[in-house]
file work-v9.txt (compact mmCIF, C-alpha atoms)
# COMPACT_ATOMS: atom_id res chain seq x y z
CA MET A 1 -0.76 -11.85 35.20
CA ARG A 2 0.24 -13.24 31.79
CA LYS A 3 -2.44 -11.12 30.11
CA ILE A 4 -1.10 -7.99 31.82
CA VAL A 5 2.43 -8.77 30.63
CA LYS A 6 1.21 -9.20 27.04
CA LEU A 7 -0.66 -5.91 27.16
CA PHE A 8 2.40 -4.17 28.57
CA ALA A 9 4.58 -5.63 25.79
CA SER A 10 2.13 -4.43 23.14
CA ALA A 11 2.14 -0.94 24.63
CA ILE A 12 5.96 -0.86 24.67
CA PHE A 13 6.02 -1.95 21.00
CA LEU A 14 3.72 0.90 19.95
CA VAL A 15 5.74 3.42 21.95
CA ILE A 16 8.95 2.29 20.24
CA ILE A 17 7.33 2.67 16.81
CA CYS A 18 6.12 6.17 17.69
CA LEU A 19 9.45 7.27 19.16
CA SER A 20 11.26 6.05 16.05
CA GLN A 21 9.34 8.69 14.06
CA PRO A 22 10.54 12.26 14.75
CA ALA A 23 7.94 15.00 15.09
CA THR A 24 6.76 16.12 11.66
CA ALA A 25 7.63 19.74 12.43
CA GLN A 26 11.29 18.75 12.89
CA LEU A 27 11.57 17.17 9.44
CA SER A 28 12.62 18.84 6.22
CA ASP A 29 10.48 18.18 3.14
CA ALA A 30 13.03 15.67 1.86
CA GLU A 31 13.13 13.86 5.21
CA ARG A 32 9.33 13.79 5.41
CA LEU A 33 9.07 12.34 1.91
CA GLU A 34 11.68 9.71 2.78
CA ARG A 35 9.78 8.79 5.95
CA CYS A 36 6.54 8.59 3.96
CA GLN A 37 8.10 6.30 1.39
CA ASN A 38 9.66 4.08 4.06
CA ASN A 39 6.36 3.76 5.92
CA LYS A 40 4.40 3.04 2.73
CA THR A 41 6.95 0.47 1.56
CA ARG A 42 6.89 -1.31 4.92
CA LEU A 43 3.09 -1.11 5.04
CA ALA A 44 2.85 -2.80 1.63
CA GLU A 45 5.21 -5.57 2.80
CA LEU A 46 3.19 -6.14 5.97
CA GLU A 47 -0.09 -6.25 4.07
CA ILE A 48 1.33 -8.99 1.81
CA GLN A 49 2.47 -10.93 4.90
CA LEU A 50 -1.02 -10.49 6.39
CA GLN A 51 -2.62 -11.91 3.23
CA VAL A 52 -0.46 -15.03 3.54
CA ILE A 53 -1.28 -15.42 7.24
CA ASN A 54 -5.00 -14.96 6.59
CA ALA A 55 -4.85 -17.62 3.88
CA ASP A 56 -3.11 -20.02 6.29
CA LEU A 57 -5.64 -19.22 9.01
CA SER A 58 -8.43 -19.97 6.58
CA ALA A 59 -6.84 -23.36 5.85
CA SER A 60 -6.09 -24.13 9.50
CA MET A 61 -8.51 -25.84 11.86
CA THR A 62 -9.37 -25.74 15.51
CA LYS A 63 -9.21 -29.05 17.38
CA LYS A 64 -12.97 -29.46 17.03
CA GLU A 65 -12.89 -28.64 13.32
CA MET A 66 -10.13 -31.20 12.81
CA GLN A 67 -12.08 -33.81 14.75
CA ASP A 68 -15.21 -33.06 12.70
CA ALA A 69 -13.29 -33.26 9.42
CA ARG A 70 -11.85 -36.66 10.33
CA THR A 71 -15.29 -37.87 11.39
CA ASN A 72 -16.75 -36.69 8.07
CA LEU A 73 -13.95 -38.39 6.13
CA ALA A 74 -14.60 -41.69 7.89
CA TYR A 75 -18.33 -41.30 7.29
CA VAL A 76 -17.96 -40.67 3.53
CA LYS A 77 -15.57 -43.60 3.20
CA SER A 78 -18.06 -45.84 5.01
CA VAL A 79 -20.83 -44.72 2.64
CA ARG A 80 -18.67 -45.52 -0.38
CA LEU A 81 -17.90 -48.99 0.97
CA ASN A 82 -21.55 -49.55 1.96
CA LYS A 83 -20.53 -50.26 5.55
CA ILE A 84 -23.33 -48.22 7.07
CA MET A 85 -26.98 -47.52 6.39
CA PHE A 86 -27.12 -44.58 3.98
CA ASP A 87 -28.74 -41.41 5.37
CA ARG A 88 -29.39 -39.00 2.51
CA THR A 89 -30.05 -35.98 4.76
CA LYS A 90 -26.78 -36.46 6.63
CA PHE A 91 -24.82 -37.02 3.45
CA GLU A 92 -26.25 -33.88 1.86
CA ARG A 93 -25.27 -31.90 4.95
CA VAL A 94 -21.70 -33.23 4.93
CA SER A 95 -21.24 -32.73 1.17
CA ALA A 96 -22.55 -29.16 1.44
CA ILE A 97 -19.78 -28.33 3.94
CA TYR A 98 -17.24 -29.05 1.22
CA ASN A 99 -19.20 -27.41 -1.61
CA VAL A 100 -20.10 -30.64 -3.39
CA THR A 101 -23.47 -30.16 -5.10
CA TYR A 102 -26.55 -32.34 -5.13
CA GLU A 103 -26.31 -32.84 -8.90
CA GLU A 104 -22.79 -34.22 -8.59
CA CYS A 105 -23.63 -36.71 -5.89
CA PHE A 106 -27.00 -38.34 -6.37
CA TYR A 107 -28.94 -40.44 -8.79
CA GLU A 108 -32.38 -41.97 -8.32
CA VAL A 109 -32.95 -45.70 -8.87
CA ARG A 110 -36.17 -47.44 -9.89
CA GLN A 111 -36.95 -48.62 -6.37
CA GLY A 112 -37.44 -44.97 -5.37
CA THR A 113 -34.30 -44.76 -3.26
CA ASP A 114 -31.17 -42.77 -4.01
CA HIS A 115 -27.50 -43.15 -3.26
CA PRO A 116 -24.37 -41.11 -3.98
CA THR A 117 -22.27 -42.31 -6.87
CA ASP A 118 -18.83 -43.81 -6.28
CA GLU A 119 -17.38 -40.90 -8.27
CA CYS A 120 -19.00 -38.47 -5.85
CA THR A 121 -17.87 -40.19 -2.67
CA THR A 122 -14.32 -40.58 -3.99
CA LYS A 123 -14.20 -36.89 -4.91
CA LEU A 124 -15.57 -35.89 -1.51
CA GLU A 125 -13.03 -38.09 0.29
CA LYS A 126 -10.17 -36.43 -1.62
CA ILE A 127 -11.47 -32.94 -0.80
CA ILE A 128 -11.76 -33.64 2.93
CA ALA A 129 -8.40 -35.45 3.06
CA ALA A 130 -6.68 -32.55 1.27
CA LYS A 131 -8.12 -30.03 3.76
CA ILE A 132 -6.93 -32.17 6.67
CA ASP A 133 -3.45 -32.59 5.17
CA LYS A 134 -3.14 -28.84 4.63
CA ALA A 135 -4.33 -27.99 8.12
CA VAL A 136 -2.19 -30.49 10.06
CA PRO A 137 1.16 -28.60 9.81
CA LEU A 138 -0.42 -25.21 10.51
CA ASP A 139 -0.15 -23.94 14.08
CA ARG A 140 -3.32 -21.88 14.45
CA THR A 141 -2.31 -20.39 17.81
CA ALA A 142 1.03 -19.21 16.40
CA LEU A 143 -0.66 -17.82 13.30
CA LEU A 144 -3.13 -15.82 15.41
CA ALA A 145 -0.26 -14.40 17.49
CA LYS A 146 1.64 -13.44 14.35
CA LYS A 147 -1.47 -11.88 12.83
CA LYS A 148 -1.99 -9.78 15.98
CA LYS A 149 1.60 -8.52 15.85
CA ILE A 150 1.36 -7.62 12.16
CA ASP A 151 -2.00 -5.90 12.72
CA GLN A 152 -0.30 -3.73 15.36
CA GLN A 153 2.57 -2.89 13.01
CA ILE A 154 0.18 -2.03 10.19
CA ALA A 155 -1.79 0.27 12.50
CA ALA A 156 1.43 1.98 13.63
CA HIS A 157 2.64 2.61 10.06
CA ARG A 158 -0.79 3.88 9.00
CA ASN A 159 -0.75 6.28 11.95
CA ASN A 160 2.73 7.45 10.89
CA ILE A 161 1.48 8.08 7.34
CA ILE A 162 -1.39 10.16 8.71
CA ALA A 163 0.89 12.09 11.08
CA LEU A 164 3.37 12.80 8.27
CA ASP A 165 0.50 13.93 6.00
CA CYS A 166 1.92 11.66 3.31
CA ASP A 167 -1.19 11.67 1.13
CA HIS A 168 -1.29 15.45 0.98
CA LYS A 169 0.16 16.67 -2.29
CA ALA A 170 2.61 19.08 -0.73
CA THR A 171 4.32 21.26 -3.29
CA GLY A 172 7.03 22.03 -0.75
CA ALA A 173 8.49 18.68 -1.79
CA CYS A 174 10.26 20.44 -4.69
CA THR A 175 13.87 21.40 -4.09
CA LEU A 176 15.57 24.60 -5.23
CA ALA A 177 18.74 22.97 -6.50
CA ALA A 178 17.78 21.67 -9.92
CA SER A 179 17.62 22.42 -13.62
CA TRP A 180 14.45 24.30 -14.56
CA THR A 181 12.99 25.08 -17.97
CA GLN A 182 10.87 28.22 -18.28
CA ASP A 183 8.69 29.12 -21.22
CA THR A 184 7.34 32.63 -21.74
CA PRO A 185 5.27 33.31 -24.88
CA GLY A 186 6.72 36.28 -26.72
CA ILE A 187 10.16 35.73 -25.17
CA GLY A 188 10.95 32.05 -25.56
CA SER A 189 12.24 29.13 -23.54
CA THR A 190 15.42 29.02 -21.48
CA THR A 191 16.99 26.76 -18.90
CA TRP A 192 17.87 27.93 -15.42
CA ASP A 193 20.47 25.97 -13.46
CA ILE A 194 20.00 26.73 -9.77
CA LYS A 195 22.46 25.76 -7.03
CA SER A 196 21.50 24.93 -3.46
CA ASP A 197 22.65 28.41 -2.35
CA GLY A 198 20.28 30.02 -4.85
CA THR A 199 22.86 30.99 -7.47
CA ALA A 200 20.99 30.93 -10.78
CA THR A 201 22.43 30.84 -14.31
CA GLU A 202 20.33 31.03 -17.47
CA THR A 203 21.17 29.22 -20.70
CA GLY A 204 19.57 30.77 -23.77
CA ILE A 205 18.23 34.17 -24.94
CA GLY A 206 19.58 36.74 -22.44
CA TYR A 207 22.00 34.42 -20.58
CA ALA A 208 20.99 36.14 -17.37
CA THR A 209 22.33 35.47 -13.89
CA GLY A 210 20.55 35.92 -10.62
CA LYS A 211 19.44 34.69 -7.23
CA ALA A 212 16.66 32.17 -6.69
CA THR A 213 14.56 31.30 -3.66
CA LEU A 214 11.97 28.61 -2.98
CA ASN A 215 9.48 29.43 -0.24
CA GLY A 216 6.91 26.68 0.11
CA ASN A 217 5.66 26.27 -3.44
CA LYS A 218 6.78 29.71 -4.70
CA LEU A 219 9.86 29.66 -6.95
CA HIS A 220 11.29 33.17 -7.41
CA ILE A 221 14.29 34.27 -9.49
CA ASP A 222 15.67 37.84 -9.45
CA TRP A 223 17.77 38.22 -12.59
CA LYS A 224 19.71 40.63 -14.76
CA THR A 225 21.55 40.45 -18.09
CA GLY A 226 24.71 42.06 -19.36
CA THR A 227 22.66 44.08 -21.84
CA GLY A 228 20.76 46.21 -19.32
CA TYR A 229 17.68 44.09 -18.69
CA SER A 230 16.56 42.97 -15.24
CA GLY A 231 13.48 41.66 -13.52
CA TYR A 232 12.15 38.57 -11.82
CA TYR A 233 10.26 35.35 -12.42
CA GLU A 234 7.80 33.94 -9.92
CA TRP A 235 5.90 30.68 -10.34
CA THR A 236 3.54 28.65 -8.13
CA LEU A 237 4.61 25.00 -8.27
CA ASP A 238 2.36 21.95 -8.18
CA GLU A 239 3.14 18.48 -6.80
CA ASN A 240 5.09 17.65 -9.98
CA CYS A 241 7.32 20.70 -9.57
CA SER A 242 5.77 22.41 -12.57
CA GLY A 243 3.92 25.67 -12.37
CA LYS A 244 2.51 28.88 -13.77
CA GLY A 245 3.56 32.40 -12.98
CA THR A 246 4.82 35.71 -14.29
CA LEU A 247 7.92 37.26 -15.81
CA VAL A 248 8.20 40.89 -14.67
CA PHE A 249 10.67 43.34 -16.25
CA LYS A 250 12.20 46.09 -14.12
CA THR A 251 14.69 47.62 -16.53
CA GLY A 252 15.06 47.45 -20.30
CA ARG A 253 11.26 47.23 -20.51
CA THR A 254 8.52 47.49 -17.92
CA ASP A 255 5.83 44.97 -18.83
CA SER A 256 4.97 41.55 -17.45
CA LEU A 257 4.19 38.28 -19.21
CA ASN A 258 2.63 34.97 -18.32
CA SER A 259 5.22 32.23 -17.85
CA THR A 260 5.43 28.51 -17.06
CA VAL A 261 8.20 26.44 -15.51
CA LYS A 262 9.00 22.77 -14.99
CA ARG A 263 11.81 20.95 -13.25
CA ASN A 264 13.94 18.96 -15.66
call {"tool": "encode", "arguments": {"input": "work-v9.txt", "output": "structure tokens"}}
result
Amino acid sequence: MRKIVKLFASAIFLVIICLSQPATAQLSDAERLERCQNNKTRLAELEIQLQVINADLSASMTKKEMQDARTNLAYVKSVRLNKIMFDRTKFERVSAIYNVTYEECFYEVRQGTDHPTDECTTKLEKIIAAKIDKAVPLDRTALLAKKKKIDQQIAAHRNNIIALDCDHKATGACTLAASWTQDTPGIGSTTWDIKSDGTATETGIGYATGKATLNGNKLHIDWKTGTGYSGYYEWTLDENCSGKGTLVFKTGRTDSLNSTVKRN
């Protein structure tokens, strides 16, 4: 029964996460980008928390591991104090658990026997005692429960990032209302200030006025000057809101020129 309740709680948690994310189709580009950033920020925070938990889990011990560590500590201390018959094979096995090497621990005497040095046994005692001291305050069961919860949250945020298509370099992220600098070889560079309603005003050269639209990644400006010229610009924007396109004249002259644009 308890297992069923836990499974039900986990399912409810995932449903809440999913419901908190509106359908991608209902979001504007700005809202989608904000959701992406929020999910990525939270994901990074959770991954840092998971690293800490994993480190604590690595330092924690099960009851058996704790019992074994205390047994090993008592054994090494007994060897150092010469309270028991020395068993080289057993000592090598215990020292290997704590990454203490053969070269550090043994010397051979003339009688053909060997024994760990006092320096080695003291070092090994300190290593085992430190591991025990670090593990004692750690609640392994609680850490595992916390890890499970964070794993679920990480999975939910990663699913949100996939659903929002956050890693796709969508050029629709650019907004119309901005200051744009265009450069057209043979004409020159000017700045277009575009309002959210599309009203566009040029600073420089012809000081044109016009109407701008942004459809997906296509920025288009229909313009005219007070000196009888008119035409349009159209650029294809990239993920940095810069792009290449064309300046087309309708009146005053009838040619077209390559042009570039970037958001200021």
call {"tool": "closest_residue", "arguments": {"input": "work-v9.txt", "among": "A:Leu27, A:Cys36, A:Ala177, A:Cys241", "to": "Asp165 of chain A", "atoms": "only C-alpha atoms"}}
result
A:Cys36
call {"tool": "atom_distance", "arguments": {"input": "work-v9.txt", "atom1": "atom CA of Thr225 of chain A", "atom2": "atom CA of Gly210 of chain A"}}
result
8.8 Å
call {"tool": "atom_distance", "arguments": {"input": "work-v9.txt", "atom1": "atom CA of Gly245 of chain A", "atom2": "atom CA of Ser196 of chain A"}}
result
21.6 Å
call {"tool": "residues_around", "arguments": {"input": "work-v9.txt", "residues": "Lys131 of chain A", "least_positions_apart": "6", "cutoff": "10 Å", "atoms": "only C-alpha atoms", "output": "ChimeraX atom specification"}}
result
/A:59-61,66,69,98
call {"tool": "atom_distance", "arguments": {"input": "work-v9.txt", "atom1": "atom CA of Lys149 of chain A", "atom2": "atom CA of Ser58 of chain A"}}
result
17.8 Å
call {"tool": "closest_residue", "arguments": {"input": "work-v9.txt", "among": "A:Gln152, A:Ser78, A:Ser28, A:Asn215", "to": "Thr236 of chain A", "atoms": "all atoms listed in the file"}}
result
A:Asn215
call {"tool": "residues_around", "arguments": {"input": "work-v9.txt", "residues": "Ala178 of chain A", "least_positions_apart": "4", "cutoff": "9 Å", "atoms": "all atoms listed in the file", "output": "list in words"}}
result
Trp192, Asp193, Ile194, Lys195, Ser196, Arg263 and Asn264 of chain A
call {"tool": "closest_residue", "arguments": {"input": "work-v9.txt", "among": "A:Gly216, A:Gly186, A:Pro116, A:Gly252", "to": "Gly231 of chain A", "atoms": "all atoms listed in the file"}}
result
A:Gly252
call {"tool": "closest_residue", "arguments": {"input": "work-v9.txt", "among": "A:Thr190, A:Glu31, A:Ala55, A:Ser259", "to": "Leu143 of chain A", "atoms": "only C-alpha atoms"}}
result
A:Ala55
call {"tool": "closest_residue", "arguments": {"input": "work-v9.txt", "among": "A:Cys166, A:Leu50, A:Lys123, A:Lys90", "to": "Asn38 of chain A", "atoms": "only C-alpha atoms"}}
result
A:Cys166
call {"tool": "closest_residue", "arguments": {"input": "work-v9.txt", "among": "A:Arg32, A:His115, A:Lys63, A:Lys148", "to": "Gln49 of chain A", "atoms": "only C-alpha atoms"}}
result
A:Lys148
